[in-house]
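Heads up, the thing below is written out as structure tokens.
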Amino acid sequence: MSDYPQSMKLFERAAKVIPGGIYGHQTPVLTVPGSFPYYAERAQGCRYWDVDGNEYIDYLCGYGPMILGYGNEKVDEAAARQREKGDCFNHPAALMVELAEQLVSRIPWSDWAVFGKNGSDMTTWSVTLARAHTGKSKIIVAKGAYHGSHAWCVPSHAGILPEDRRHIHSFRWNDLEELEALFARYEGQIAGVLLTPYHHRIFADSEMPVPGFWSGVRGLCDREDALLLFDDVRAGFRLDRACSDSAVGASPDVAAFSKAIANGYALSACVGKAELKVTASKVFLTGSFWNGAVSMAAALACIREMEAVDAVGRMKEMGQRLIDGMSALGQEKDCPVCFSGPPSMPYFHFEGDKSFMMTQRFCVDMCDRGVFMHPSHNWFLSAAHTREDIDLTLEKASEAMDALKRQGVAV
Amino acid sequence: MDKDGWIGMDHEKVLATIHLHAFLPILEEVAEKDEKGRRIAAEMSGALQFNAWFGPSAYLVFHGERVEVFPGRLRNPELCLSFTSCRQLNKAFQKKGIPAAIPWRGLSRKDLREGFEGLAERGEYYLTASKEHLGASLPLAAELLLYVGILSGKVVAEEDPVGRSLLEEIPDGVAEFRIGETGPFAHVRVEQGRLYAGKGPALEPDFRLAFGSPEVAHDFLNDRLDAMATLAGGQVRVEGFLPLVQGLLALMERAALYVE
């Protein structure tokens with residue numbers, strides 16, 4: 001517990017005044033408590049520094065929002081310019097219109113956009129929209145999928161009433177038969193099917209859609225007059241230049257985004273088809289800061305810059321380089337590794353490491369060597385990761401695997 | 001909390017099962033490790049059966065200073081206490097009318113009944129006494145709380161509708177719980193929708209949770225600590241397949257609603 005003295009000192013103070021010390025997805029409990037930094041000081045490019053002064057190559061990217069690199073000049077300058085003018089007004093800024101236009105122009109099937117601050121704002125709103133549009137109550141999700149921190153979907157139990165989830169039902173990802181059975185069981189009651197582009201969970205391999213899955217889901221939704229809701233909060237802008245639908249072959253009615261949309265500035269968005277626009281206008285949505293202009297300025301700059309630097313192509317190339325390199329190291333050192341998910345969001349563990357203990361020890365060791373890799377969450381690449389960063393990471397990974405072998409840690 | 005809304009119609013049966021399958025087993029340790037418990041047990045021999053009509057059953061076998069507890073029914077117990085309902089059994093365990101039990105067998109074995117009541121009182125003492133009151137006995141109290149916690153979690157996973165749905169979400173694997181550096185231990189195994197819980201270490205755990213000290217364990221298991229802060233702060237160390245224990249802790253919290 002003494003590797004990160006400043007982090008631990010801060011945490012001791014935090015634990016007295018903040019429930020959980022650090023709550024939610026950033027809780028240290030999901031890593032290996034005491035063996036990772038708890039507090040960050042600053043960040044630049046694909047690196048960050050913790051409060052103890054340790055520097056890391058970052059493969060978590062703030063759990064996804066950082067896509068162009070921390071402190072990206074184009075994005076930060078756009079945000080700073082808007083901040084000088086103001087952020088929270090009596091009215092939206094003109095930027096809101098421009099941002100909606102930009103999103104709609106990049107997502108061919110979409111005709112309108114709305115905005116919020118977090119992914120949960122948009123997944124919840126899209127569920128309400130589906131109910132309003134269809135007049136039905138039930139929502140189908142994939143088992144184990146994360147759709148946010150609101151009562152109907154939060155993956156914890158405290159304070160949640162059975163009523164909160166009475167109309168939420170789930171099926172196994174890729175299992176069209178089970179989905180069809182749910183449609184049969186709740187005939188005439190299903191308002192929508194809410195799915196991520198591919199199945200990304202913690203402590204589990206990512207699962208890509210099998211051929212025919214998305215067309216099957218679309219067919220069932222059409223047949224049963226249910227909406228296909230697309231939760232692109234985590235993957236959006238990393239598989240394609242905006243929505244991940246084309247990357248996985250989905251054809252949604254509504255899609256929700258957040259995380260990478262503004263390179264770290266707080267913003268979320270939902271886009272949808274024209275035929276839903278009248279209903280969308282009736283489903284109330286707002287928040288004191290939801291129309292803030294600074295994050296919208298950042299989003300506009302971010303979207304343009306991602307295209308200018310071919311962020312998707314870069315992340316794919318660097319992610320693949322990382323995957324290939326670590327896979328080769330695993331073979332060479334007789335500790336084979338498993339990767340799943342797209343290269344820009346790889347999910348990693350050692351082969352056969354059911355308990356994740358070997359993977360956790362490896363990630364702890366990598367952290368000690370200046371590379372931050374989450375032991376149970378998918379990693380994120382950014383457009384700021386360079387070949388040199390990947391090669392240095394592989395050098396450290398080689399050392400860490402050797403250390404594991406020396407310690408006799410094996411699956 | 002509204003028990004009708006939160007607990008459901010099987011409340012009495014779940015609670016009776018907790019009494020027989022989670023509380024009774026800790027009397028093994030009470031008879032072995034508590035001085036008064038040892039004295040009581042030393043005077044006892046024979047088997048004591050508990051039944052609730054349309055409910056759970058379990059029996060204790062007294063071998064002098066050693067007590068063993070088993071689920072189910074014994075063919076010829078020296079004393080058989082049968083309750084006409086789970087509610088009656090629960091009242092008895094909550095000391096609201098033990099005469100409600102019908103001694104189907106062993107009318108003359110008042111000693112077994114009184115001995116059991118003495119042991120149960122000691123067990124209850126360890127589960128409910130404050131840290132200050134427990135003093136040097138706190139390690140045993142923490143151990144018993146751990147056993148009751150995981151065994152109650154098993155009951156809830158099997159008998160309670162919400163517990164069953166919680167169990168569905170728990171992935172397969174083996175979790176080990178330890179107090180201090182050297183134990184005591186308890187373990188839970190989830191396999192294909194079934195949950196097995198027991199005292200002692202696990203053979204090849206997928207997840208380890210180690211309470212830094214009996215005091216931390218006592219506070220944690222009594223829900224007096226901010227669990228996430230305690231885990232992150234290192235007073236409770238965790239390693240391995242976390243989704244396994246998140247579900248188990250939810251089951252234990254659910255069980256606590258019954259006992260409250």
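Following the order of the structure tokens, first chain is A, next is B, and so on, with residues numbered from 1 inside each chain and ligands from 1 in the order they appear.
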Could you write out as a compact mmCIF listing (two decimals) with N, CA and C atoms, in the first residue's frame the residues of chain B within 12 Å of chain A, counting only C-alpha atoms?
```txt
# COMPACT_ATOMS: atom_id res chain seq x y z
N MET B 1 -37.99 -0.55 6.26
CA MET B 1 -38.23 -1.14 4.94
C MET B 1 -39.47 -2.02 4.96
N ASP B 2 -40.27 -1.90 3.93
CA ASP B 2 -41.51 -2.65 3.86
C ASP B 2 -41.22 -4.10 3.51
N GLY B 5 -43.14 -5.67 0.61
CA GLY B 5 -42.67 -5.28 -0.70
C GLY B 5 -41.31 -5.86 -1.04
N TRP B 6 -40.46 -5.95 -0.07
CA TRP B 6 -39.08 -6.29 -0.35
C TRP B 6 -38.78 -7.76 -0.13
N ILE B 7 -39.44 -8.37 0.77
CA ILE B 7 -39.05 -9.73 1.14
C ILE B 7 -39.92 -10.77 0.46
N GLY B 8 -41.19 -10.53 0.35
CA GLY B 8 -42.03 -11.47 -0.38
C GLY B 8 -42.69 -12.48 0.53
N PRO B 161 -36.89 -15.36 -3.83
CA PRO B 161 -37.03 -15.05 -5.27
C PRO B 161 -36.00 -14.03 -5.77
N VAL B 162 -35.79 -12.99 -4.98
CA VAL B 162 -34.80 -12.00 -5.40
C VAL B 162 -33.40 -12.63 -5.35
N GLY B 163 -33.17 -13.45 -4.31
CA GLY B 163 -31.88 -14.13 -4.19
C GLY B 163 -31.61 -15.04 -5.39
N SER B 165 -32.72 -14.65 -8.36
CA SER B 165 -32.37 -13.85 -9.54
C SER B 165 -30.97 -13.27 -9.39
N LEU B 166 -30.57 -12.97 -8.16
CA LEU B 166 -29.19 -12.52 -7.95
C LEU B 166 -28.21 -13.63 -8.33
N GLU B 168 -28.57 -15.96 -10.45
CA GLU B 168 -28.49 -16.11 -11.91
C GLU B 168 -27.43 -15.21 -12.51
N GLU B 169 -27.20 -14.09 -11.85
CA GLU B 169 -26.23 -13.12 -12.39
C GLU B 169 -24.80 -13.42 -11.96
N ILE B 170 -24.62 -14.36 -11.02
CA ILE B 170 -23.28 -14.61 -10.50
C ILE B 170 -22.59 -15.65 -11.40
N PRO B 171 -21.43 -15.31 -11.90
CA PRO B 171 -20.73 -16.26 -12.76
C PRO B 171 -20.15 -17.43 -11.96
N ASP B 172 -19.86 -18.51 -12.63
CA ASP B 172 -19.26 -19.67 -11.97
C ASP B 172 -17.89 -19.31 -11.41
N GLY B 173 -17.53 -19.95 -10.31
CA GLY B 173 -16.20 -19.73 -9.74
C GLY B 173 -16.19 -20.03 -8.26
N VAL B 174 -14.99 -19.97 -7.70
CA VAL B 174 -14.81 -20.26 -6.28
C VAL B 174 -14.24 -19.02 -5.60
N ALA B 175 -14.88 -18.59 -4.53
CA ALA B 175 -14.40 -17.43 -3.76
C ALA B 175 -13.96 -17.89 -2.39
N GLU B 176 -12.86 -17.33 -1.95
CA GLU B 176 -12.36 -17.66 -0.60
C GLU B 176 -12.34 -16.40 0.25
N GLU B 204 -8.75 -24.09 -5.02
CA GLU B 204 -8.18 -23.22 -6.07
C GLU B 204 -9.12 -22.04 -6.29
N PRO B 205 -9.05 -21.04 -5.42
CA PRO B 205 -10.02 -19.94 -5.53
C PRO B 205 -9.79 -19.09 -6.78
N ASP B 206 -10.89 -18.61 -7.33
CA ASP B 206 -10.82 -17.64 -8.43
C ASP B 206 -10.82 -16.23 -7.88
N PHE B 207 -11.20 -16.13 -6.62
CA PHE B 207 -11.27 -14.82 -5.98
C PHE B 207 -10.90 -14.98 -4.51
N ARG B 208 -10.09 -14.05 -4.02
CA ARG B 208 -9.73 -14.07 -2.60
C ARG B 208 -10.10 -12.74 -1.97
N LEU B 209 -10.73 -12.82 -0.81
CA LEU B 209 -11.00 -11.62 -0.02
C LEU B 209 -10.44 -11.85 1.36
N LEU B 225 -18.95 -0.51 7.97
CA LEU B 225 -17.87 0.13 7.22
C LEU B 225 -18.35 0.49 5.83
N ASP B 226 -17.75 1.52 5.29
CA ASP B 226 -17.93 1.87 3.87
C ASP B 226 -17.15 0.81 3.09
N ALA B 227 -17.88 -0.16 2.53
CA ALA B 227 -17.22 -1.34 1.96
C ALA B 227 -16.24 -0.97 0.85
N MET B 228 -16.67 -0.11 -0.05
CA MET B 228 -15.79 0.21 -1.18
C MET B 228 -14.54 0.95 -0.72
N ALA B 229 -14.71 1.85 0.24
CA ALA B 229 -13.55 2.57 0.75
C ALA B 229 -12.62 1.63 1.50
N THR B 230 -13.20 0.66 2.18
CA THR B 230 -12.39 -0.30 2.93
C THR B 230 -11.59 -1.18 1.98
N LEU B 231 -12.23 -1.58 0.90
CA LEU B 231 -11.53 -2.40 -0.09
C LEU B 231 -10.42 -1.58 -0.76
N ALA B 232 -10.77 -0.38 -1.17
CA ALA B 232 -9.78 0.45 -1.86
C ALA B 232 -8.67 0.88 -0.91
N GLY B 233 -9.01 1.04 0.37
CA GLY B 233 -8.03 1.47 1.35
C GLY B 233 -7.12 0.36 1.84
N GLY B 234 -7.43 -0.87 1.47
CA GLY B 234 -6.54 -1.98 1.78
C GLY B 234 -6.81 -2.68 3.09
N GLN B 235 -7.83 -2.22 3.84
CA GLN B 235 -8.13 -2.94 5.09
C GLN B 235 -8.74 -4.31 4.77
N VAL B 236 -9.36 -4.37 3.63
CA VAL B 236 -9.82 -5.67 3.12
C VAL B 236 -9.17 -5.82 1.75
N ARG B 237 -8.38 -6.89 1.57
CA ARG B 237 -7.68 -7.06 0.30
C ARG B 237 -8.45 -8.01 -0.61
N VAL B 238 -8.49 -7.66 -1.86
CA VAL B 238 -9.19 -8.52 -2.82
C VAL B 238 -8.27 -8.81 -4.00
N GLU B 239 -8.44 -9.98 -4.55
CA GLU B 239 -7.66 -10.38 -5.72
C GLU B 239 -8.49 -11.37 -6.51
N GLY B 240 -8.47 -11.22 -7.83
CA GLY B 240 -9.11 -12.21 -8.67
C GLY B 240 -10.41 -11.76 -9.30
N PHE B 241 -11.29 -12.71 -9.49
CA PHE B 241 -12.49 -12.56 -10.31
C PHE B 241 -13.59 -11.85 -9.53
N LEU B 242 -13.55 -10.53 -9.56
CA LEU B 242 -14.42 -9.71 -8.72
C LEU B 242 -15.93 -9.92 -8.93
N PRO B 243 -16.40 -10.14 -10.16
CA PRO B 243 -17.85 -10.29 -10.34
C PRO B 243 -18.44 -11.39 -9.46
N LEU B 244 -17.62 -12.35 -9.13
CA LEU B 244 -18.08 -13.43 -8.27
C LEU B 244 -18.51 -12.91 -6.90
N VAL B 245 -17.68 -12.06 -6.33
CA VAL B 245 -17.97 -11.62 -4.96
C VAL B 245 -18.98 -10.48 -4.91
N GLN B 246 -19.09 -9.72 -5.99
CA GLN B 246 -20.10 -8.66 -5.99
C GLN B 246 -21.48 -9.27 -5.80
N GLY B 247 -21.73 -10.37 -6.50
CA GLY B 247 -23.01 -11.05 -6.37
C GLY B 247 -23.18 -11.68 -5.00
N LEU B 248 -22.09 -12.24 -4.48
CA LEU B 248 -22.18 -12.90 -3.17
C LEU B 248 -22.47 -11.88 -2.07
N LEU B 249 -21.82 -10.73 -2.16
CA LEU B 249 -22.08 -9.70 -1.16
C LEU B 249 -23.52 -9.21 -1.25
N ALA B 250 -24.05 -9.16 -2.46
CA ALA B 250 -25.46 -8.76 -2.62
C ALA B 250 -26.37 -9.79 -1.97
N LEU B 251 -26.02 -11.06 -2.09
CA LEU B 251 -26.82 -12.12 -1.44
C LEU B 251 -26.76 -11.97 0.08
N GLU B 253 -26.21 -9.27 1.75
CA GLU B 253 -27.01 -8.09 2.13
C GLU B 253 -28.50 -8.43 2.13
N ARG B 254 -28.88 -9.21 1.16
CA ARG B 254 -30.29 -9.64 1.08
C ARG B 254 -30.65 -10.47 2.32
```
Write out as a list in words all residues of region 261-291 of chain A that backbone DSSP assigns to strand (DSSP E or B).
Ser268, Ala269, Cys270, Val271 and Gly272 of chain A
Go ahead and save the residues from that selection, with all heavy atoms, as a compact mmCIF listing (two decimals), in the first residue's frame.
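Dumped everything to result.txt:
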```txt
# COMPACT_ATOMS: atom_id res chain seq x y z
N SER A 268 -22.96 14.44 -24.26
CA SER A 268 -23.50 13.23 -24.87
C SER A 268 -24.53 13.65 -25.91
O SER A 268 -24.97 14.81 -25.92
CB SER A 268 -24.13 12.32 -23.81
OG SER A 268 -25.16 12.98 -23.11
N ALA A 269 -24.86 12.72 -26.77
CA ALA A 269 -25.79 13.05 -27.85
C ALA A 269 -26.60 11.83 -28.22
O ALA A 269 -26.20 10.70 -27.94
CB ALA A 269 -24.99 13.54 -29.08
N CYS A 270 -27.73 12.13 -28.81
CA CYS A 270 -28.56 11.05 -29.33
C CYS A 270 -29.01 11.48 -30.72
O CYS A 270 -29.42 12.63 -30.90
CB CYS A 270 -29.75 10.85 -28.40
SG CYS A 270 -30.51 9.26 -28.56
N VAL A 271 -28.91 10.59 -31.68
CA VAL A 271 -29.41 10.90 -33.02
C VAL A 271 -30.51 9.91 -33.36
O VAL A 271 -30.57 8.81 -32.79
CB VAL A 271 -28.29 10.85 -34.09
CG1 VAL A 271 -27.18 11.83 -33.76
CG2 VAL A 271 -27.73 9.43 -34.24
N GLY A 272 -31.38 10.28 -34.29
CA GLY A 272 -32.48 9.38 -34.63
C GLY A 272 -33.03 9.62 -36.02
O GLY A 272 -32.65 10.59 -36.70
```
Looking only at the backbone, which of the residues in region 113-276 of chain A does DSSP tag as alpha helix (DSSP H), as a PyMOL selection string? chain A and resi 119-134+176-185+213-224+245-248
